[in-house]
file my_file.txt (compact mmCIF, C-alpha atoms)
# COMPACT_ATOMS: atom_id res chain seq x y z
CA MET A 1 73.55 140.65 143.43
CA LYS A 2 71.86 137.41 142.30
CA LYS A 3 72.26 136.64 138.60
CA ALA A 4 69.88 134.67 136.40
CA LEU A 5 70.48 133.13 132.99
CA LEU A 6 67.46 132.63 130.75
CA PHE A 7 67.73 130.21 127.84
CA ILE A 8 65.15 131.49 125.37
CA ALA A 9 64.05 128.86 122.85
CA HIS A 10 61.29 128.71 120.27
CA GLY A 11 59.16 125.96 121.75
CA SER A 12 57.60 122.98 120.01
CA ARG A 13 54.26 121.19 119.87
CA ARG A 14 56.31 118.08 120.62
CA GLU A 15 56.87 118.13 124.37
CA ALA A 16 59.92 115.84 124.14
CA SER A 17 61.60 118.59 122.14
CA ASN A 18 60.93 121.18 124.86
CA GLU A 19 62.23 118.77 127.46
CA GLU A 20 65.47 118.45 125.46
CA VAL A 21 65.94 122.20 125.71
CA ARG A 22 65.24 122.17 129.45
CA GLU A 23 67.73 119.34 129.88
CA ILE A 24 70.43 121.26 128.00
CA ALA A 25 69.78 124.28 130.25
CA ARG A 26 70.06 122.01 133.31
CA GLN A 27 73.39 120.62 132.12
CA VAL A 28 74.72 124.10 131.40
CA SER A 29 73.52 125.30 134.82
CA VAL A 30 75.80 122.76 136.51
CA ASN A 31 78.79 124.08 134.57
CA VAL A 32 78.07 127.76 135.17
CA SER A 33 77.04 127.66 138.82
CA ASP A 34 79.91 129.98 139.75
CA ASP A 35 78.53 132.63 137.39
CA TYR A 36 74.75 132.29 137.71
CA ASP A 37 72.55 131.71 140.73
CA TYR A 38 69.56 130.68 138.64
CA VAL A 39 69.29 129.13 135.17
CA GLU A 40 65.99 128.44 133.45
CA ALA A 41 64.69 127.70 129.96
CA ALA A 42 61.81 129.77 128.60
CA PHE A 43 59.83 129.51 125.38
CA LEU A 44 58.56 132.01 122.86
CA GLU A 45 55.52 129.88 122.07
CA LEU A 46 53.95 126.42 122.33
CA ALA A 47 55.66 125.53 125.63
CA GLN A 48 55.98 126.63 129.22
CA PRO A 49 57.32 128.65 130.91
CA SER A 50 56.63 131.62 128.66
CA ILE A 51 59.22 134.38 128.47
CA PRO A 52 57.24 136.85 130.63
CA TYR A 53 56.57 134.14 133.22
CA ALA A 54 60.23 133.01 133.34
CA LEU A 55 61.54 136.56 133.71
CA ALA A 56 59.11 137.27 136.55
CA ALA A 57 59.99 133.94 138.21
CA ALA A 58 63.70 134.84 138.18
CA VAL A 59 62.89 138.12 139.89
CA ASP A 60 60.70 136.30 142.42
CA GLU A 61 63.75 134.16 143.18
CA GLY A 62 65.59 137.33 144.15
CA CYS A 63 67.59 137.85 140.95
CA GLU A 64 68.28 141.49 140.13
CA GLN A 65 70.45 140.86 137.10
CA LEU A 66 69.02 138.82 134.20
CA PHE A 67 71.03 137.55 131.24
CA ILE A 68 69.07 136.64 128.15
CA PHE A 69 70.57 133.94 125.93
CA PRO A 70 68.62 133.40 122.70
CA TYR A 71 68.92 129.70 121.98
CA PHE A 72 68.47 130.19 118.23
CA LEU A 73 70.70 129.45 115.26
CA ALA A 74 70.15 132.58 113.22
CA ALA A 75 68.83 136.09 113.65
CA GLY A 76 65.39 135.52 112.20
CA LYS A 77 62.26 137.42 113.21
CA HIS A 78 62.14 135.68 116.60
CA VAL A 79 65.62 136.84 117.60
CA VAL A 80 65.33 140.29 116.06
CA THR A 81 61.75 141.23 116.95
CA ASP A 82 59.60 138.78 118.91
CA VAL A 83 61.86 137.96 121.86
CA PRO A 84 63.16 141.56 122.25
CA GLU A 85 59.57 142.89 122.32
CA LEU A 86 58.65 140.61 125.21
CA VAL A 87 61.84 141.40 127.10
CA GLU A 88 61.43 145.13 126.50
CA SER A 89 57.90 145.01 127.84
CA PHE A 90 59.18 143.25 130.97
CA CYS A 91 61.92 145.88 131.38
CA GLN A 92 59.41 148.71 131.25
CA GLN A 93 57.38 147.08 134.00
CA ASN A 94 60.47 146.20 136.07
CA PRO A 95 62.85 149.15 135.80
CA HIS A 96 64.79 148.03 138.90
CA VAL A 97 65.91 144.81 137.17
CA GLU A 98 69.09 144.89 135.11
CA VAL A 99 68.69 142.96 131.84
CA SER A 100 71.59 142.07 129.52
CA TRP A 101 71.71 140.22 126.21
CA LEU A 102 74.15 137.50 125.31
CA ASP A 103 74.90 136.68 121.68
CA TYR A 104 72.51 134.04 120.33
CA LEU A 105 73.90 130.57 119.69
CA GLY A 106 74.36 130.97 115.91
CA LYS A 107 76.71 133.87 116.54
CA GLN A 108 79.12 131.90 118.74
CA PRO A 109 82.55 131.63 117.08
CA GLU A 110 83.02 128.07 118.36
CA LEU A 111 80.00 126.80 116.43
CA VAL A 112 81.72 126.22 113.08
CA GLY A 113 84.36 124.02 114.73
CA LEU A 114 81.74 121.99 116.57
CA LEU A 115 79.74 121.49 113.38
CA SER A 116 82.82 120.53 111.39
CA ARG A 117 83.70 117.86 113.93
CA ALA A 118 80.09 116.69 114.21
CA VAL A 119 79.69 116.01 110.49
CA THR A 120 83.02 114.21 110.13
CA LYS A 121 83.15 112.05 113.23
CA THR A 122 83.04 108.31 112.76
CA PRO A 123 79.83 106.89 114.24
CA MET B 124 82.07 107.95 95.20
CA LYS B 125 81.26 111.66 95.53
CA LYS B 126 79.83 112.63 98.90
CA ALA B 127 77.48 115.51 99.66
CA LEU B 128 76.62 117.11 102.98
CA LEU B 129 73.27 118.85 103.25
CA PHE B 130 72.72 121.32 106.07
CA ILE B 131 68.96 121.28 106.57
CA ALA B 132 67.65 124.39 108.35
CA HIS B 133 64.18 125.74 109.02
CA GLY B 134 64.31 128.89 106.90
CA SER B 135 63.19 132.39 107.83
CA ARG B 136 61.20 135.23 106.32
CA ARG B 137 64.23 137.34 107.16
CA GLU B 138 66.67 136.70 104.34
CA ALA B 139 69.67 137.81 106.42
CA SER B 140 68.92 134.88 108.71
CA ASN B 141 68.98 132.40 105.81
CA GLU B 142 72.23 133.93 104.62
CA GLU B 143 73.73 133.33 108.06
CA VAL B 144 72.94 129.63 107.72
CA ARG B 145 74.45 129.50 104.21
CA GLU B 146 77.57 131.24 105.53
CA ILE B 147 77.94 128.72 108.37
CA ALA B 148 77.63 125.90 105.80
CA ARG B 149 80.29 127.59 103.65
CA GLN B 150 82.67 127.87 106.61
CA VAL B 151 82.10 124.24 107.56
CA SER B 152 82.62 123.17 103.94
CA VAL B 153 86.16 124.56 104.04
CA ASN B 154 86.94 122.52 107.15
CA VAL B 155 85.45 119.27 105.87
CA SER B 156 86.68 119.33 102.28
CA ASP B 157 88.60 116.08 102.84
CA ASP B 158 85.33 114.34 103.75
CA TYR B 159 82.75 115.93 101.47
CA ASP B 160 82.91 116.91 97.82
CA TYR B 161 79.83 119.10 98.04
CA VAL B 162 78.27 121.02 100.94
CA GLU B 163 75.05 122.98 100.65
CA ALA B 164 72.41 124.51 102.91
CA ALA B 165 68.75 123.69 102.26
CA PHE B 166 65.57 124.96 103.89
CA LEU B 167 62.37 123.33 105.04
CA GLU B 168 60.35 126.44 104.25
CA LEU B 169 60.48 130.18 103.55
CA ALA B 170 63.90 130.08 101.83
CA GLN B 171 65.72 128.56 98.89
CA PRO B 172 66.95 126.03 98.00
CA SER B 173 64.18 123.75 99.19
CA ILE B 174 65.12 120.30 100.47
CA PRO B 175 63.92 118.43 97.33
CA TYR B 176 65.75 120.93 95.11
CA ALA B 177 69.00 120.71 97.10
CA LEU B 178 68.99 116.91 97.14
CA ALA B 179 68.43 116.80 93.39
CA ALA B 180 71.15 119.40 92.83
CA ALA B 181 73.66 117.31 94.78
CA VAL B 182 72.86 114.32 92.56
CA ASP B 183 73.18 116.51 89.47
CA GLU B 184 76.67 117.38 90.73
CA GLY B 185 77.51 113.68 90.60
CA CYS B 186 77.10 112.86 94.29
CA GLU B 187 75.93 109.32 94.96
CA GLN B 188 76.17 109.48 98.73
CA LEU B 189 74.21 112.17 100.57
CA PHE B 190 74.57 112.98 104.26
CA ILE B 191 71.69 114.84 105.87
CA PHE B 192 72.57 117.08 108.81
CA PRO B 193 69.49 118.60 110.49
CA TYR B 194 70.62 122.02 111.64
CA PHE B 195 68.07 122.09 114.46
CA LEU B 196 68.40 122.34 118.23
CA ALA B 197 65.79 119.82 119.29
CA ALA B 198 63.81 116.96 117.84
CA GLY B 199 60.59 118.83 117.23
CA LYS B 200 58.09 118.04 114.48
CA HIS B 201 60.44 119.35 111.80
CA VAL B 202 63.24 116.95 112.74
CA VAL B 203 60.99 113.99 113.49
CA THR B 204 58.42 114.27 110.70
CA ASP B 205 58.69 117.07 108.16
CA VAL B 206 62.30 116.75 107.03
CA PRO B 207 62.27 112.90 107.03
CA GLU B 208 59.11 112.89 104.87
CA LEU B 209 60.75 115.03 102.21
CA VAL B 210 63.95 112.99 102.29
CA GLU B 211 62.02 109.71 102.18
CA SER B 212 60.10 110.90 99.15
CA PHE B 213 63.39 111.77 97.43
CA CYS B 214 64.80 108.33 98.31
CA GLN B 215 61.85 106.56 96.74
CA GLN B 216 62.35 108.49 93.53
CA ASN B 217 66.14 108.04 93.58
CA PRO B 218 66.81 104.49 94.79
CA HIS B 219 70.36 104.54 93.40
CA VAL B 220 71.37 107.34 95.78
CA GLU B 221 72.65 106.40 99.22
CA VAL B 222 71.24 108.68 101.92
CA SER B 223 72.50 108.75 105.52
CA TRP B 224 71.42 110.79 108.53
CA LEU B 225 73.75 112.58 110.90
CA ASP B 226 72.62 113.48 114.42
CA TYR B 227 70.98 116.90 114.52
CA LEU B 228 72.87 119.73 116.17
CA GLY B 229 71.03 119.59 119.51
CA LYS B 230 72.18 116.01 119.97
CA GLN B 231 75.89 116.78 119.66
CA PRO B 232 77.72 116.03 122.93
CA GLU B 233 79.99 119.07 122.50
CA LEU B 234 77.06 121.48 122.60
CA VAL B 235 76.76 121.80 126.39
CA GLY B 236 80.42 122.77 126.69
CA LEU B 237 80.13 125.36 123.95
CA LEU B 238 77.03 126.85 125.56
CA SER B 239 78.63 126.90 129.01
CA ARG B 240 81.62 128.83 127.66
CA ALA B 241 79.40 131.13 125.57
CA VAL B 242 77.31 132.29 128.52
CA THR B 243 80.27 132.87 130.83
CA LYS B 244 82.80 134.52 128.54
CA THR B 245 83.74 138.10 129.29
CA PRO B 246 82.60 140.37 126.46
call {"tool": "encode", "arguments": {"input": "my_file.txt", "output": "structure tokens"}}
result
Amino acid sequence: MKKALLFIAHGSRREASNEEVREIARQVSVNVSDDYDYVEAAFLELAQPSIPYALAAAVDEGCEQLFIFPYFLAAGKHVVTDVPELVESFCQQNPHVEVSWLDYLGKQPELVGLLSRAVTKTP
Amino acid sequence: MKKALLFIAHGSRREASNEEVREIARQVSVNVSDDYDYVEAAFLELAQPSIPYALAAAVDEGCEQLFIFPYFLAAGKHVVTDVPELVESFCQQNPHVEVSWLDYLGKQPELVGLLSRAVTKTP
């Protein structure tokens, strides 16, 4: 069964910022190619592709299993309400597609170590 | 010279989300206590302390060297314009304080590895 990974980010009016997110997703996709057949970034607002569009595109690519990764640092309204509502609406319209949630970035146990090294490294 | 590290985050209407950011800053502060005398989270909007308040509080604590760490995933308007404007205004009013910028989270080279492991780990 083909598996898709969707990087869900907020989106910015500054297109260079959205491109940064897409580039991170591209770099991750290289590393995880054994686990996912399809990796794409999607945006809650202000940038394309939208979440509904990206989910539908993954299905059009033949993916039957979608993994949602909220690329957010804390469980604010976007993580708790806005993104789930859009995904839930997609699920209702596509009951044959299996959708799973991964823990959002801020919840990853490795994050504190990365941050600690980042703020103490010598430039 | 006493050094402060300021974790600058966006802020959320959902207080639990802001508390998550403060907790991450607290955990990092334990790891970096050899490098920083003072570590605090501050928020661009919707949460306290504000950036101007947090910068002033660090100075009140005797810190003469402040390190700004934008806790953001991409260089959107907040990272490029909003946060720098507030910090610049503080600098003009406090010329005796040395202020340095650290690369924002999204720019950290370790991030892609962390993300790759996060999306492939077995639950």
call {"tool": "closest_atom_pairs", "arguments": {"input": "my_file.txt", "of": "chain A", "to": "chain B", "cutoff": "8 Å", "atoms": "only C-alpha atoms", "output": "Markdown table"}}
result
| residue | atom | partner | partner_atom | distance |
| --- | --- | --- | --- | --- |
| A:Ser12 | CA | B:Gly199 | CA | 5.8 |
| A:Arg13 | CA | B:Gly199 | CA | 7.3 |
| A:Arg14 | CA | B:Gly199 | CA | 5.5 |
| A:Ala16 | CA | B:Ala198 | CA | 7.5 |
| A:Ser17 | CA | B:Gly199 | CA | 5.0 |
| A:Asn18 | CA | B:Ala197 | CA | 7.5 |
| A:Glu20 | CA | B:Ala197 | CA | 6.3 |
| A:Val21 | CA | B:Ala197 | CA | 6.8 |
| A:Ile24 | CA | B:Val235 | CA | 6.6 |
| A:Gln27 | CA | B:Val235 | CA | 6.8 |
| A:Val28 | CA | B:Ser239 | CA | 5.4 |
| A:Ser29 | CA | B:Ser239 | CA | 7.9 |
| A:Asn31 | CA | B:Ser239 | CA | 6.2 |
| A:Val32 | CA | B:Ser239 | CA | 6.2 |
| A:Asp35 | CA | B:Thr243 | CA | 6.8 |
| A:Phe69 | CA | B:Val242 | CA | 7.4 |
| A:Phe72 | CA | B:Leu196 | CA | 7.9 |
| A:Leu73 | CA | B:Phe195 | CA | 7.9 |
| A:Ala74 | CA | B:Ser140 | CA | 5.2 |
| A:Ala75 | CA | B:Ser140 | CA | 5.1 |
| A:Gly76 | CA | B:Ser140 | CA | 5.0 |
| A:Lys77 | CA | B:Arg137 | CA | 6.4 |
| A:Leu102 | CA | B:Val242 | CA | 6.9 |
| A:Leu105 | CA | B:Leu238 | CA | 7.6 |
| A:Gln108 | CA | B:Ala241 | CA | 6.9 |
| A:Glu110 | CA | B:Leu237 | CA | 6.9 |
| A:Leu111 | CA | B:Leu237 | CA | 7.7 |
| A:Val112 | CA | B:Val151 | CA | 5.9 |
| A:Gly113 | CA | B:Val151 | CA | 7.5 |
| A:Leu114 | CA | B:Glu233 | CA | 6.8 |
| A:Leu115 | CA | B:Val151 | CA | 6.9 |
| A:Ser116 | CA | B:Val151 | CA | 5.4 |
| A:Ala118 | CA | B:Gln231 | CA | 6.9 |
| A:Val119 | CA | B:Leu225 | CA | 6.9 |
| A:Thr120 | CA | B:Asp158 | CA | 6.8 |
call {"tool": "closest_residue", "arguments": {"input": "my_file.txt", "among": "A:Met1, A:Leu6, A:Ala56, A:Ala42", "to": "Ser89 of chain A", "atoms": "all atoms listed in the file"}}
result
A:Ala56
call {"tool": "closest_residue", "arguments": {"input": "my_file.txt", "among": "B:Leu189, B:Lys126, B:Gln216, B:Ser223", "to": "Ala177 of chain B", "atoms": "only C-alpha atoms"}}
result
B:Leu189
call {"tool": "atom_distance", "arguments": {"input": "my_file.txt", "atom1": "atom CA of Gln65 of chain A", "atom2": "atom CA of Ala41 of chain A"}}
result
16.0 Å
call {"tool": "atom_distance", "arguments": {"input": "my_file.txt", "atom1": "atom CA of Cys186 of chain B", "atom2": "atom CA of Ser173 of chain B"}}
result
17.6 Å
call {"tool": "atom_distance", "arguments": {"input": "my_file.txt", "atom1": "atom CA of Glu88 of chain A", "atom2": "atom CA of Leu44 of chain A"}}
result
13.9 Å
call {"tool": "residues_near_point", "arguments": {"input": "my_file.txt", "point": "(70.3, 106.3, 95.6)", "cutoff": "10 Å", "atoms": "only C-alpha atoms", "output": "VMD selection string"}}
result
chain B and resid 182 186 to 189 213 to 222
call {"tool": "axis_aligned_box", "arguments": {"input": "my_file.txt", "around": "segment 57-71 of chain A", "padding_each_side": "6 Å", "output": "AutoDock Vina command-line options"}}
result
--center_x 65.5 --center_y 135.6 --center_z 133.1 --size_x 23.0 --size_y 23.8 --size_z 34.2
call {"tool": "closest_residue", "arguments": {"input": "my_file.txt", "among": "B:Glu168, B:Arg145, B:Ile131, B:Glu184", "to": "Val210 of chain B", "atoms": "only C-alpha atoms"}}
result
B:Ile131
